[in-house]
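For reference, the structure is listed below as structure tokens.
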Amino acid sequence: MYDVIIIGGGAAGLFAAANLKTHNGLVLDHCPEVGRKLLITGSGQCNLTNTLPTDSFLTHFGSKQQRNFLLPALQNFTTKNLYDWFEQQGLPLLVREDGKVFPKSLDARDVRSFLIRLSKVQIITNAHITSITPLEQGFLIATANAAYETRNLILATGGMSYPRTGSDGSGYELAKALGHSIVPLKPGLTAISITDHPFRHLAGNAVRDAFVSFYHSGENAAYEQRRGDVLFTHDGLSGPAILSSSRLV
Ligand SMILES: Cc1cc2nc3c(=O)[nH]c(=O)nc-3n(C[C@H](O)[C@H](O)[C@H](O)COP(=O)(O)OP(=O)(O)OC[C@H]3O[C@@H](n4cnc5c(N)ncnc54)[C@H](O)[C@@H]3O)c2cc1C
């Protein structure tokens with residue numbers, strides 16, 4: 001019987017593993033390696049936090065309801081706490097002029113190997129979870145060729161963007177089977193595809209500091225307005241102003 005099993009060795013799972021007080025734990029991940037998405041964050045440099053205080057940091061996250069959901073977590077462990085944790089544990093960080101925080105090496109691989117090194121528990125990859133059964137005191141976790149019992153379970157399977165990094169959405173099914181309710185999923189921070197794209201010939205060109213308005217067909221009032229760079233792509237639009245508005249679109 002394990003004290004803790006963490007399903008998912010991404011940013012959250014590895015950070016949890018690095019903070020476990022017990023050595024009697026296990027990380028299970030269905031990919032051949034852990035932290036694949038972490039490696040591509042911040043263009044491979046890993047922008048691991050920001051120097052903004054919690055209230056201004058939160059204004060960058062979705063609706064008021066979504067911010068209220070995140071608030072207790074960010075109050076309990078602030079961006080400053082995260083910064084201090086990495087520095088105290090021995091990973092030097094650097095703060096850019098815009099307040100973004102990176103490892104001093106500007107290499108996401110260093111963050112991944114640092115978290116793995118701090119974690120004292122075994123990590124098993126290629127572990128596809130087939131079921132989780134609640135026990136009287138704990139859980140039974142089955143993979144195709146093994147079964148594990150644990151007193152505590154952390155489900156850290158990520159979302160469902162970039163499935164080739166392992167976050168294929170199967171974690172939602174595991175959570176649902178345990179009785180959690182899942183709100184309907186929508187994409188965010190993504191480029192926008194346009195049907196019969198009239199500006200395909202401009203692909204690769206960008207407009208700096210554009211003023212962008214989004215309208216529902218037939219309505220005069222814009223439901224979203226943003227200022228920022230816009231990039232024309234082969235099937236639509238991208239760039240910071242588009243990425244930040246995409247969840248509303
Ligand atoms: C291109 C890109 C750039 C980004 N840049 C930044 C950045 O600079 N700064 C930042 O803060 N955030 C950034 N993000 C967001 C960040 O990567 C995610 O918020 C973060 O990785 C989420 O961590 P997670 O542990 O919840 O999920 P993930 O990192 O996705 O990890 C989930 C893990 O669970 C495993 N898993 C999933 N389902 C199962 C299952 N059924 N059984 C077993 N294992 C399973 C997966 O294999 C994976 O290893 C970026 C995202 C992308 C796509």
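Ordering of the structure tokens sets the chain letters (A, B, ...), residue numbers begin anew at 1 in every chain, and ligands are numbered from 1 in the order given.
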For this session: Determine which residues of region 4-249 of chain A receive a DSSP assignment of helix (DSSP H, G or I), computed from the backbone, and state them as JSON, numbers by chain.
Result: {"A": [11, 12, 13, 14, 15, 16, 17, 18, 36, 37, 38, 39, 40, 41, 42, 43, 44, 54, 55, 56, 57, 58, 64, 65, 66, 67, 68, 69, 70, 71, 72, 73, 74, 75, 76, 79, 80, 81, 82, 83, 84, 85, 86, 87, 88, 89, 108, 109, 110, 111, 112, 113, 114, 115, 116, 117, 118, 163, 164, 165, 170, 171, 172, 173, 174, 175, 176, 177, 200, 201, 202, 240, 241, 242, 243, 244, 245]}
Exercise. Near region 28-32 of chain A, counting only C-alpha atoms, which residues have an atom at most 12 Å away, once you skip same-chain residues fewer than 5 positions from it, shown as a PyMOL selection string?
Worked result: chain A and resi 4-10+13-14+17+37+121-130+141-144+146-148+153-158+163-168+170-171
Exercise. Which residue gives the smallest distance to ligand 1 among A:Phe77, A:Phe114, A:Tyr215, A:Tyr162, with only C-alpha atoms and all ligand atoms counted?
Worked result: A:Tyr162
Exercise. What gap, in Å, lies between atom 30 (O, counted along the ligand's line) of ligand 1 and CA of Arg112 (chain A)?
Worked result: 13.0 Å
For this session: Return the single residue from A:Ser213, A:Ser131, A:Ala191, A:Arg226 that is closest to Ser238 (chain A), with distances computed using only C-alpha atoms.
Result: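 Closest to Ser238 (chain A) of all the choices is A:Ala191.
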Exercise. From the set A:Leu174, A:Leu237, A:Leu74, A:Leu94, which residue has the shortest atom-to-atom contact distance to ligand 1, counting only C-alpha atoms and all ligand atoms?
Worked result: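 Residue with the minimum atom-to-atom distance to ligand 1: A:Leu174.
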Problem set entry | Given only C-alpha atoms as the counted atoms, nearest of A:Ala222, A:Val183, A:Phe232, A:Ser161 to Ala206 (chain A) | A:Phe232
Exercise. Out of A:Leu71, A:Ala175, A:Ile182, A:Leu20, which residue has the shortest atom-to-atom distance to ligand 1 when counting only C-alpha atoms and all ligand atoms?
Worked result: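 Ranked by minimum distance to ligand 1, first place goes to A:Ala175.
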Problem set entry | Per-residue DSSP, region 59-230 of chain A, filtered to strand (DSSP E), as a ChimeraX atom specification | /A:93-95,100-103,122-124,129-135,138-143,147-155,192-193,206-214,224-230
Problem set entry | Residue nearest Ala203 (chain A) among A:Gln65, A:Thr78, A:Thr49, A:Thr233 (counting only C-alpha atoms) |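 Nearest to Ala203 (chain A): A:Thr233.
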